[in-house]
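To be precise, the following lines are protein-v2.pdb, and they hold PDB, C-alpha atoms, pLDDT in the B column.
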```pdb
ATOM      1  CA  MET A   1     -28.746  18.134  -8.385  1.00 48.00           C
ATOM      2  CA  PRO A   2     -26.944  15.804  -5.919  1.00 52.00           C
ATOM      3  CA  LYS A   3     -28.917  14.980  -2.805  1.00 60.00           C
ATOM      4  CA  VAL A   4     -27.864  16.864   0.328  1.00 52.00           C
ATOM      5  CA  GLY A   5     -25.698  14.729   2.606  1.00 66.00           C
ATOM      6  CA  MET A   6     -24.979  12.156  -0.072  1.00 79.00           C
ATOM      7  CA  GLU A   7     -21.623  13.562  -1.189  1.00 84.00           C
ATOM      8  CA  PRO A   8     -19.401  11.578   1.243  1.00 89.00           C
ATOM      9  CA  VAL A   9     -21.289   8.368   0.414  1.00 89.00           C
ATOM     10  CA  ARG A  10     -21.084   8.924  -3.337  1.00 90.00           C
ATOM     11  CA  ARG A  11     -17.420   9.946  -3.217  1.00 91.00           C
ATOM     12  CA  LYS A  12     -16.523   6.773  -1.308  1.00 92.00           C
ATOM     13  CA  ALA A  13     -18.583   4.681  -3.727  1.00 93.00           C
ATOM     14  CA  LEU A  14     -16.673   6.205  -6.643  1.00 94.00           C
ATOM     15  CA  VAL A  15     -13.305   5.592  -4.974  1.00 94.00           C
ATOM     16  CA  ASP A  16     -14.252   1.962  -4.273  1.00 93.00           C
ATOM     17  CA  ALA A  17     -15.514   1.604  -7.839  1.00 93.00           C
ATOM     18  CA  THR A  18     -12.253   2.989  -9.209  1.00 93.00           C
ATOM     19  CA  LEU A  19     -10.293   0.388  -7.280  1.00 91.00           C
ATOM     20  CA  ARG A  20     -12.518  -2.402  -8.606  1.00 90.00           C
ATOM     21  CA  ALA A  21     -12.577  -1.120 -12.183  1.00 91.00           C
ATOM     22  CA  VAL A  22      -8.824  -0.543 -12.386  1.00 89.00           C
ATOM     23  CA  GLY A  23      -8.173  -3.892 -10.721  1.00 84.00           C
ATOM     24  CA  ASP A  24     -10.502  -5.720 -13.114  1.00 84.00           C
ATOM     25  CA  HIS A  25      -8.929  -4.100 -16.184  1.00 83.00           C
ATOM     26  CA  GLY A  26      -5.383  -4.219 -14.832  1.00 79.00           C
ATOM     27  CA  SER A  27      -4.765  -0.701 -16.138  1.00 84.00           C
ATOM     28  CA  LEU A  28      -6.045   2.867 -16.054  1.00 86.00           C
ATOM     29  CA  THR A  29      -7.661   2.561 -19.481  1.00 89.00           C
ATOM     30  CA  VAL A  30     -11.075   2.514 -17.812  1.00 90.00           C
ATOM     31  CA  THR A  31     -13.242   5.544 -18.498  1.00 92.00           C
ATOM     32  CA  MET A  32     -15.063   7.768 -16.049  1.00 92.00           C
ATOM     33  CA  SER A  33     -18.333   6.339 -17.395  1.00 92.00           C
ATOM     34  CA  GLN A  34     -17.220   2.776 -16.631  1.00 92.00           C
ATOM     35  CA  ILE A  35     -16.189   3.760 -13.124  1.00 93.00           C
ATOM     36  CA  ALA A  36     -19.495   5.558 -12.596  1.00 92.00           C
ATOM     37  CA  ARG A  37     -21.414   2.454 -13.676  1.00 90.00           C
ATOM     38  CA  HIS A  38     -19.464   0.391 -11.120  1.00 87.00           C
ATOM     39  CA  ALA A  39     -20.552   2.916  -8.484  1.00 90.00           C
ATOM     40  CA  GLY A  40     -24.153   3.048  -9.665  1.00 89.00           C
ATOM     41  CA  VAL A  41     -24.075   6.765 -10.470  1.00 90.00           C
ATOM     42  CA  SER A  42     -23.972   8.843 -13.638  1.00 91.00           C
ATOM     43  CA  ALA A  43     -20.746   9.947 -15.316  1.00 90.00           C
ATOM     44  CA  ALA A  44     -21.928  13.545 -14.867  1.00 92.00           C
ATOM     45  CA  LEU A  45     -22.118  13.044 -11.095  1.00 91.00           C
ATOM     46  CA  ALA A  46     -18.639  11.505 -11.048  1.00 91.00           C
ATOM     47  CA  HIS A  47     -17.283  14.544 -12.882  1.00 91.00           C
ATOM     48  CA  HIS A  48     -19.181  16.817 -10.491  1.00 92.00           C
ATOM     49  CA  TYR A  49     -17.456  15.291  -7.451  1.00 92.00           C
ATOM     50  CA  PHE A  50     -13.950  14.802  -8.845  1.00 92.00           C
ATOM     51  CA  GLY A  51     -13.633  16.885 -11.987  1.00 90.00           C
ATOM     52  CA  SER A  52     -11.517  14.369 -13.894  1.00 90.00           C
ATOM     53  CA  LYS A  53     -10.470  10.731 -13.891  1.00 91.00           C
ATOM     54  CA  GLU A  54      -6.964  11.733 -12.816  1.00 90.00           C
ATOM     55  CA  GLN A  55      -8.319  13.439  -9.691  1.00 92.00           C
ATOM     56  CA  LEU A  56     -10.440  10.371  -8.928  1.00 93.00           C
ATOM     57  CA  VAL A  57      -7.429   8.074  -9.349  1.00 91.00           C
ATOM     58  CA  ILE A  58      -5.352  10.293  -7.050  1.00 92.00           C
ATOM     59  CA  GLU A  59      -8.077  10.189  -4.402  1.00 93.00           C
ATOM     60  CA  THR A  60      -8.254   6.393  -4.740  1.00 92.00           C
ATOM     61  CA  ILE A  61      -4.523   6.087  -4.065  1.00 91.00           C
ATOM     62  CA  ARG A  62      -4.838   8.457  -1.106  1.00 93.00           C
ATOM     63  CA  SER A  63      -7.666   6.321   0.235  1.00 93.00           C
ATOM     64  CA  LEU A  64      -5.500   3.188   0.022  1.00 91.00           C
ATOM     65  CA  LEU A  65      -2.655   4.976   1.792  1.00 93.00           C
ATOM     66  CA  ARG A  66      -4.964   6.277   4.534  1.00 94.00           C
ATOM     67  CA  GLN A  67      -6.330   2.785   5.143  1.00 93.00           C
ATOM     68  CA  LEU A  68      -2.851   1.263   5.205  1.00 94.00           C
ATOM     69  CA  ARG A  69      -1.671   3.917   7.636  1.00 95.00           C
ATOM     70  CA  ALA A  70      -4.673   3.403   9.938  1.00 96.00           C
ATOM     71  CA  ASP A  71      -4.169  -0.376   9.866  1.00 95.00           C
ATOM     72  CA  THR A  72      -0.470   0.061  10.654  1.00 96.00           C
ATOM     73  CA  VAL A  73      -1.137   2.362  13.599  1.00 96.00           C
ATOM     74  CA  ALA A  74      -3.694  -0.103  15.010  1.00 96.00           C
ATOM     75  CA  ALA A  75      -1.325  -3.051  14.579  1.00 96.00           C
ATOM     76  CA  LEU A  76       1.613  -1.221  16.174  1.00 96.00           C
ATOM     77  CA  GLN A  77      -0.509  -0.363  19.210  1.00 96.00           C
ATOM     78  CA  GLN A  78      -0.889  -4.094  19.876  1.00 96.00           C
ATOM     79  CA  ALA A  79       2.877  -4.731  19.757  1.00 97.00           C
ATOM     80  CA  THR A  80       5.069  -4.314  22.839  1.00 96.00           C
ATOM     81  CA  THR A  81       8.643  -4.937  21.633  1.00 97.00           C
ATOM     82  CA  PRO A  82      10.636  -3.702  18.626  1.00 97.00           C
ATOM     83  CA  ARG A  83      10.634  -7.199  17.090  1.00 97.00           C
ATOM     84  CA  GLU A  84       6.872  -7.489  17.532  1.00 97.00           C
ATOM     85  CA  ARG A  85       6.456  -4.100  15.848  1.00 98.00           C
ATOM     86  CA  LEU A  86       8.481  -5.312  12.869  1.00 98.00           C
ATOM     87  CA  SER A  87       6.174  -8.302  12.562  1.00 98.00           C
ATOM     88  CA  ALA A  88       3.135  -6.025  12.824  1.00 98.00           C
ATOM     89  CA  VAL A  89       4.356  -3.901   9.908  1.00 98.00           C
ATOM     90  CA  ILE A  90       4.976  -7.014   7.811  1.00 98.00           C
ATOM     91  CA  ARG A  91       1.552  -8.517   8.555  1.00 97.00           C
ATOM     92  CA  VAL A  92      -0.295  -5.291   7.806  1.00 96.00           C
ATOM     93  CA  ASN A  93       1.126  -5.152   4.294  1.00 94.00           C
ATOM     94  CA  PHE A  94      -0.259  -8.614   3.539  1.00 94.00           C
ATOM     95  CA  GLN A  95      -3.729  -8.252   5.021  1.00 92.00           C
ATOM     96  CA  ALA A  96      -6.425  -9.937   2.957  1.00 88.00           C
ATOM     97  CA  HIS A  97      -7.958  -6.657   1.727  1.00 87.00           C
ATOM     98  CA  GLN A  98      -4.528  -5.259   0.797  1.00 86.00           C
ATOM     99  CA  PHE A  99      -3.366  -8.451  -0.929  1.00 87.00           C
ATOM    100  CA  ALA A 100      -6.656  -9.095  -2.753  1.00 85.00           C
ATOM    101  CA  PRO A 101      -6.103  -9.654  -6.504  1.00 84.00           C
ATOM    102  CA  GLU A 102      -8.001  -6.527  -7.594  1.00 83.00           C
ATOM    103  CA  THR A 103      -6.177  -4.345  -5.068  1.00 88.00           C
ATOM    104  CA  VAL A 104      -2.782  -5.707  -6.116  1.00 89.00           C
ATOM    105  CA  ALA A 105      -3.678  -5.185  -9.792  1.00 86.00           C
ATOM    106  CA  ALA A 106      -4.695  -1.611  -9.003  1.00 88.00           C
ATOM    107  CA  TRP A 107      -1.393  -0.947  -7.202  1.00 89.00           C
ATOM    108  CA  LEU A 108       0.521  -2.162 -10.261  1.00 89.00           C
ATOM    109  CA  ALA A 109      -1.569   0.088 -12.511  1.00 89.00           C
ATOM    110  CA  PHE A 110      -0.825   3.035 -10.224  1.00 90.00           C
ATOM    111  CA  TYR A 111       2.909   2.302 -10.374  1.00 89.00           C
ATOM    112  CA  SER A 112       2.697   2.263 -14.154  1.00 89.00           C
ATOM    113  CA  GLU A 113       0.837   5.579 -14.123  1.00 89.00           C
ATOM    114  CA  ALA A 114       3.569   7.074 -11.920  1.00 91.00           C
ATOM    115  CA  GLN A 115       5.855   7.007 -14.967  1.00 91.00           C
ATOM    116  CA  ARG A 116       3.584   9.632 -16.541  1.00 90.00           C
ATOM    117  CA  SER A 117       1.927  11.412 -13.627  1.00 91.00           C
ATOM    118  CA  GLU A 118       4.011  13.419 -11.154  1.00 94.00           C
ATOM    119  CA  LYS A 119       1.112  13.501  -8.665  1.00 92.00           C
ATOM    120  CA  THR A 120       0.863   9.724  -8.692  1.00 92.00           C
ATOM    121  CA  ARG A 121       4.629   9.363  -8.397  1.00 94.00           C
ATOM    122  CA  ARG A 122       4.721  11.626  -5.336  1.00 94.00           C
ATOM    123  CA  LEU A 123       2.038   9.596  -3.580  1.00 93.00           C
ATOM    124  CA  LEU A 124       3.851   6.332  -4.211  1.00 94.00           C
ATOM    125  CA  VAL A 125       7.093   7.883  -2.942  1.00 95.00           C
ATOM    126  CA  VAL A 126       5.197   8.764   0.251  1.00 94.00           C
ATOM    127  CA  TYR A 127       4.145   5.111   0.565  1.00 94.00           C
ATOM    128  CA  ALA A 128       7.721   3.860   0.063  1.00 95.00           C
ATOM    129  CA  ARG A 129       9.163   6.309   2.582  1.00 96.00           C
ATOM    130  CA  ARG A 130       6.490   5.480   5.142  1.00 96.00           C
ATOM    131  CA  LEU A 131       7.110   1.737   4.832  1.00 97.00           C
ATOM    132  CA  ARG A 132      10.870   2.225   5.216  1.00 97.00           C
ATOM    133  CA  SER A 133      10.315   4.561   8.186  1.00 97.00           C
ATOM    134  CA  ASN A 134       8.030   2.055   9.913  1.00 97.00           C
ATOM    135  CA  PHE A 135      10.731  -0.599   9.641  1.00 98.00           C
ATOM    136  CA  LEU A 136      13.511   1.747  10.720  1.00 97.00           C
ATOM    137  CA  ALA A 137      11.647   2.881  13.846  1.00 97.00           C
ATOM    138  CA  SER A 138      11.963  -0.634  15.293  1.00 97.00           C
ATOM    139  CA  LEU A 139      15.195  -1.770  13.637  1.00 98.00           C
ATOM    140  CA  ARG A 140      17.129   1.107  15.232  1.00 96.00           C
ATOM    141  CA  HIS A 141      16.448  -0.534  18.605  1.00 96.00           C
ATOM    142  CA  LEU A 142      17.831  -3.860  17.378  1.00 96.00           C
ATOM    143  CA  CYS A 143      20.953  -3.055  15.375  1.00 96.00           C
ATOM    144  CA  PRO A 144      23.350  -0.246  14.366  1.00 96.00           C
ATOM    145  CA  PRO A 145      21.997   2.497  12.043  1.00 95.00           C
ATOM    146  CA  ASP A 146      23.703   1.279   8.860  1.00 96.00           C
ATOM    147  CA  ASP A 147      22.421  -2.259   9.359  1.00 97.00           C
ATOM    148  CA  ALA A 148      18.956  -0.958  10.216  1.00 97.00           C
ATOM    149  CA  ALA A 149      18.832   1.029   6.976  1.00 97.00           C
ATOM    150  CA  ARG A 150      19.996  -1.950   4.927  1.00 97.00           C
ATOM    151  CA  ILE A 151      17.494  -4.365   6.464  1.00 98.00           C
ATOM    152  CA  ALA A 152      14.660  -1.838   6.085  1.00 98.00           C
ATOM    153  CA  GLU A 153      15.460  -1.409   2.385  1.00 97.00           C
ATOM    154  CA  GLY A 154      15.636  -5.161   1.855  1.00 98.00           C
ATOM    155  CA  ALA A 155      12.372  -5.914   3.659  1.00 98.00           C
ATOM    156  CA  SER A 156      10.588  -3.123   1.771  1.00 97.00           C
ATOM    157  CA  ALA A 157      11.916  -4.434  -1.538  1.00 96.00           C
ATOM    158  CA  MET A 158      10.733  -7.941  -0.689  1.00 96.00           C
ATOM    159  CA  ILE A 159       7.219  -6.691  -0.001  1.00 96.00           C
ATOM    160  CA  ASP A 160       7.129  -4.785  -3.294  1.00 93.00           C
ATOM    161  CA  GLY A 161       8.500  -7.825  -5.134  1.00 92.00           C
ATOM    162  CA  LEU A 162       5.890 -10.154  -3.660  1.00 93.00           C
ATOM    163  CA  TYR A 163       3.145  -7.741  -4.734  1.00 91.00           C
ATOM    164  CA  LEU A 164       4.614  -7.727  -8.225  1.00 88.00           C
ATOM    165  CA  ARG A 165       4.589 -11.520  -8.374  1.00 87.00           C
ATOM    166  CA  GLN A 166       1.026 -11.595  -7.109  1.00 87.00           C
ATOM    167  CA  GLY A 167      -0.124  -9.012  -9.637  1.00 83.00           C
ATOM    168  CA  LEU A 168       1.567 -10.682 -12.590  1.00 79.00           C
ATOM    169  CA  LYS A 169       0.490 -14.122 -11.374  1.00 75.00           C
ATOM    170  CA  SER A 170       4.140 -15.088 -11.802  1.00 66.00           C
ATOM    171  CA  ALA A 171       4.579 -17.786  -9.159  1.00 69.00           C
ATOM    172  CA  PRO A 172       2.214 -15.994  -6.736  1.00 73.00           C
ATOM    173  CA  VAL A 173       2.767 -16.690  -3.050  1.00 85.00           C
ATOM    174  CA  SER A 174       0.040 -17.005  -0.418  1.00 90.00           C
ATOM    175  CA  ILE A 175      -0.423 -14.432   2.323  1.00 93.00           C
ATOM    176  CA  ASP A 176       1.030 -16.716   5.004  1.00 95.00           C
ATOM    177  CA  ALA A 177       3.981 -17.684   2.814  1.00 95.00           C
ATOM    178  CA  SER A 178       4.642 -14.044   1.918  1.00 95.00           C
ATOM    179  CA  ILE A 179       4.704 -13.053   5.574  1.00 97.00           C
ATOM    180  CA  ALA A 180       7.018 -15.982   6.382  1.00 97.00           C
ATOM    181  CA  LEU A 181       9.456 -14.999   3.611  1.00 97.00           C
ATOM    182  CA  VAL A 182       9.816 -11.423   4.857  1.00 98.00           C
ATOM    183  CA  GLU A 183       9.982 -12.587   8.486  1.00 98.00           C
ATOM    184  CA  ASP A 184      12.758 -15.055   7.596  1.00 98.00           C
ATOM    185  CA  TYR A 185      14.693 -12.293   5.813  1.00 98.00           C
ATOM    186  CA  VAL A 186      14.479  -9.922   8.787  1.00 98.00           C
ATOM    187  CA  THR A 187      15.295 -12.623  11.347  1.00 97.00           C
ATOM    188  CA  ALA A 188      18.281 -13.907   9.361  1.00 97.00           C
ATOM    189  CA  HIS A 189      19.805 -10.468   8.946  1.00 97.00           C
ATOM    190  CA  LEU A 190      19.258  -9.491  12.581  1.00 97.00           C
ATOM    191  CA  ARG A 191      20.982 -12.728  13.577  1.00 95.00           C
ATOM    192  CA  LEU A 192      23.917 -11.936  11.295  1.00 94.00           C
ATOM    193  CA  VAL A 193      24.269  -8.489  12.863  1.00 92.00           C
ATOM    194  CA  SER A 194      24.094  -9.977  16.344  1.00 86.00           C
ATOM    195  CA  ASN A 195      26.706 -12.640  15.549  1.00 84.00           C
ATOM    196  CA  SER A 196      29.040 -10.053  14.050  1.00 78.00           C
ATOM    197  CA  GLY A 197      29.079  -8.001  17.225  1.00 67.00           C
ATOM    198  CA  GLY A 198      26.084  -5.708  16.735  1.00 52.00           C
ATOM    199  CA  GLN A 199      23.484  -5.042  19.391  1.00 49.00           C
ATOM    200  CA  SER A 200      21.826  -8.123  20.826  1.00 41.00           C
ATOM    201  CA  LEU A 201      18.212  -8.938  20.116  1.00 42.00           C
TER     202      LEU A 201
END
```
Just give me the structure of the file as structure tokens.
Amino acid sequence: MPKVGMEPVRRKALVDATLRAVGDHGSLTVTMSQIARHAGVSAALAHHYFGSKEQLVIETIRSLLRQLRADTVAALQQATTPRERLSAVIRVNFQAHQFAPETVAAWLAFYSEAQRSEKTRRLLVVYARRLRSNFLASLRHLCPPDDAARIAEGASAMIDGLYLRQGLKSAPVSIDASIALVEDYVTAHLRLVSNSGGQSL
């Protein structure tokens, strides 16, 4: 029988353990028993709280998305101009805990799982739409709608691509360098729009 009041603590421990286990293995081949051992609980207790590994994986992705959203909101509150808000969105996506090797490896495993799991796919679509929306909210103040949409898509794709490189260890780029690359992309395209007669910065 689970101890009263321990459920939130144990559920979080299992979510954190899933992230570590999936990140360490680089795939979702880990078992519920392995995840439970990472969390220091029994497999039976893990099944009691989540029912199945798929449900635990889904909750882990939701937890990552909730944290990313909370970090983004906090960062945007510190920014005062549209350009500063763009920079805040870029920085948030490369925070140390988001760009940690095990977290990046877990994200890649989740993307792979999305090819088979509709629930996982829907959550990752939510992430992609939210990232694009966060960029668009500021870009619309800096350039015409079509240009804003194009720059938002490009910046989002760059972030995803840098995560892919990091996860595959294919010419990985540091956090600072990753931020600089996306910043340079956004700045260059805003300058092009401005020079071609779009709204001024």
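Straight-line separation from atom CA of A:Pro82 to atom CA of A:Ser138: 4.7 Å.
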- Task: Record the distance separating atom CA of A:Arg191 and atom CA of A:Ala88, expressed in Å with one decimal.
- Result: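 About the pair atom CA of A:Arg191 and atom CA of A:Ala88: they are 19.1 Å apart.
Our summary of the geometry notes that atom CA of A:Leu14 is positioned 22.1 Å from atom CA of A:Tyr127.
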- Task: Compare A:His97, A:Arg83, A:Lys12, A:His25 by their minimum atom-to-atom distance to A:Arg62, counting all atoms listed in the file, and give me the closest one.
- Result: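 Nearest to A:Arg62: A:Lys12.
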- All residues 10 Å or closer to A:His47, all atoms listed in the file, same chain fewer than 4 positions away omitted, as a PyMOL selection string: chain A and resi 32-33+36+42-43+51-53+55-56
- Could you tell me which of A:Leu19, A:Val186, A:Ala39, A:Val89 comes closest to A:Thr60 if we count all atoms listed in the file?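 The answer is A:Leu19, which sits nearest to A:Thr60.
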Mind working out the centre and edge lengths of an axis-aligned box for stretch 106-110 of chain A, all listed atoms inside, 3 Å added to each side, rounded to one decimal in Å and written as lines of an AutoDock Vina configuration file?
```
center_x = -2.1
center_y = 0.4
center_z = -9.9
size_x = 11.2
size_y = 11.2
size_z = 11.3
```
- Query: A:Leu86, A:Leu136, A:Glu54, A:Met158: which is nearest A:Arg116, counting all atoms listed in the file?
  - Reply: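 Using all atoms listed in the file, A:Arg116 sits closest to A:Glu54.
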- Query: the PyMOL selection byres ((chain A and resi 173) around 12) on the file shown: which residues, as a list of chain:residue names?
  - Reply: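 Applied to this file, the PyMOL selection byres ((chain A and resi 173) around 12) returns A:Phe94, A:Phe99, A:Pro101, A:Ile159, A:Gly161, A:Leu162, A:Tyr163, A:Leu164, A:Arg165, A:Gln166, A:Gly167, A:Leu168, A:Lys169, A:Ser170, A:Ala171, A:Pro172, A:Ser174, A:Ile175, A:Asp176, A:Ala177, A:Ser178, A:Ile179, A:Ala180, A:Leu181, A:Val182.
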- Item | Distance query A:Ala114 at most 12 Å, only C-alpha atoms, self and fewer than 4 positions along chain excluded, as a list in words |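 The neighbour list is Leu28, Glu54, Val57, Ile58, Ile61, Trp107, Leu108, Ala109, Phe110, Glu118, Lys119, Thr120, Arg121, Arg122, Leu123, Leu124 and Val125 of chain A.
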- Message: Calculated over only C-alpha atoms, which of the candidates A:Asp184, A:Glu113, A:Glu84, A:Asp24 has the smallest distance to A:His141?
- Response: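 That would be A:Glu84, the residue with the smallest distance to A:His141.
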Completion step: stretch 15-30 of chain A with N, CA, C and O atoms as a PDB file, in the coordinates of the input:
```
ATOM      1  N   VAL A  15     -14.670   6.036  -5.268  1.00 94.00           N
ATOM      2  CA  VAL A  15     -13.305   5.592  -4.974  1.00 94.00           C
ATOM      3  C   VAL A  15     -13.245   4.063  -4.968  1.00 94.00           C
ATOM      4  O   VAL A  15     -12.346   3.454  -5.571  1.00 94.00           O
ATOM      5  N   ASP A  16     -14.208   3.427  -4.302  1.00 93.00           N
ATOM      6  CA  ASP A  16     -14.252   1.962  -4.273  1.00 93.00           C
ATOM      7  C   ASP A  16     -14.439   1.395  -5.683  1.00 93.00           C
ATOM      8  O   ASP A  16     -13.831   0.375  -6.046  1.00 93.00           O
ATOM      9  N   ALA A  17     -15.269   2.058  -6.467  1.00 93.00           N
ATOM     10  CA  ALA A  17     -15.514   1.604  -7.839  1.00 93.00           C
ATOM     11  C   ALA A  17     -14.268   1.746  -8.701  1.00 93.00           C
ATOM     12  O   ALA A  17     -13.997   0.906  -9.570  1.00 93.00           O
ATOM     13  N   THR A  18     -13.501   2.803  -8.464  1.00 93.00           N
ATOM     14  CA  THR A  18     -12.253   2.989  -9.209  1.00 93.00           C
ATOM     15  C   THR A  18     -11.292   1.857  -8.928  1.00 93.00           C
ATOM     16  O   THR A  18     -10.664   1.305  -9.840  1.00 93.00           O
ATOM     17  N   LEU A  19     -11.188   1.487  -7.666  1.00 91.00           N
ATOM     18  CA  LEU A  19     -10.293   0.388  -7.280  1.00 91.00           C
ATOM     19  C   LEU A  19     -10.721  -0.910  -7.969  1.00 91.00           C
ATOM     20  O   LEU A  19      -9.889  -1.636  -8.518  1.00 91.00           O
ATOM     21  N   ARG A  20     -12.024  -1.177  -7.963  1.00 90.00           N
ATOM     22  CA  ARG A  20     -12.518  -2.402  -8.606  1.00 90.00           C
ATOM     23  C   ARG A  20     -12.313  -2.366 -10.117  1.00 90.00           C
ATOM     24  O   ARG A  20     -11.863  -3.340 -10.722  1.00 90.00           O
ATOM     25  N   ALA A  21     -12.660  -1.230 -10.725  1.00 91.00           N
ATOM     26  CA  ALA A  21     -12.577  -1.120 -12.183  1.00 91.00           C
ATOM     27  C   ALA A  21     -11.133  -1.217 -12.669  1.00 91.00           C
ATOM     28  O   ALA A  21     -10.835  -1.934 -13.633  1.00 91.00           O
ATOM     29  N   VAL A  22     -10.240  -0.505 -12.002  1.00 89.00           N
ATOM     30  CA  VAL A  22      -8.824  -0.543 -12.386  1.00 89.00           C
ATOM     31  C   VAL A  22      -8.261  -1.940 -12.141  1.00 89.00           C
ATOM     32  O   VAL A  22      -7.502  -2.478 -12.963  1.00 89.00           O
ATOM     33  N   GLY A  23      -8.638  -2.539 -11.021  1.00 84.00           N
ATOM     34  CA  GLY A  23      -8.173  -3.892 -10.721  1.00 84.00           C
ATOM     35  C   GLY A  23      -8.668  -4.900 -11.734  1.00 84.00           C
ATOM     36  O   GLY A  23      -7.919  -5.775 -12.171  1.00 84.00           O
ATOM     37  N   ASP A  24      -9.929  -4.786 -12.131  1.00 84.00           N
ATOM     38  CA  ASP A  24     -10.502  -5.720 -13.114  1.00 84.00           C
ATOM     39  C   ASP A  24      -9.816  -5.587 -14.471  1.00 84.00           C
ATOM     40  O   ASP A  24      -9.555  -6.577 -15.145  1.00 84.00           O
ATOM     41  N   HIS A  25      -9.552  -4.341 -14.886  1.00 83.00           N
ATOM     42  CA  HIS A  25      -8.929  -4.100 -16.184  1.00 83.00           C
ATOM     43  C   HIS A  25      -7.411  -4.271 -16.148  1.00 83.00           C
ATOM     44  O   HIS A  25      -6.777  -4.492 -17.173  1.00 83.00           O
ATOM     45  N   GLY A  26      -6.829  -4.122 -14.957  1.00 79.00           N
ATOM     46  CA  GLY A  26      -5.383  -4.219 -14.832  1.00 79.00           C
ATOM     47  C   GLY A  26      -4.648  -3.006 -15.379  1.00 79.00           C
ATOM     48  O   GLY A  26      -3.435  -3.038 -15.576  1.00 79.00           O
ATOM     49  N   SER A  27      -5.387  -1.928 -15.625  1.00 84.00           N
ATOM     50  CA  SER A  27      -4.765  -0.701 -16.138  1.00 84.00           C
ATOM     51  C   SER A  27      -5.712   0.467 -15.887  1.00 84.00           C
ATOM     52  O   SER A  27      -6.850   0.284 -15.429  1.00 84.00           O
ATOM     53  N   LEU A  28      -5.218   1.661 -16.217  1.00 86.00           N
ATOM     54  CA  LEU A  28      -6.045   2.867 -16.054  1.00 86.00           C
ATOM     55  C   LEU A  28      -6.757   3.241 -17.342  1.00 86.00           C
ATOM     56  O   LEU A  28      -7.154   4.394 -17.521  1.00 86.00           O
ATOM     57  N   THR A  29      -6.960   2.282 -18.230  1.00 89.00           N
ATOM     58  CA  THR A  29      -7.661   2.561 -19.481  1.00 89.00           C
ATOM     59  C   THR A  29      -9.167   2.679 -19.284  1.00 89.00           C
ATOM     60  O   THR A  29      -9.881   3.021 -20.219  1.00 89.00           O
ATOM     61  N   VAL A  30      -9.644   2.381 -18.084  1.00 90.00           N
ATOM     62  CA  VAL A  30     -11.075   2.514 -17.812  1.00 90.00           C
ATOM     63  C   VAL A  30     -11.491   3.977 -17.937  1.00 90.00           C
ATOM     64  O   VAL A  30     -10.704   4.884 -17.667  1.00 90.00           O
TER      65      VAL A  30
END
```
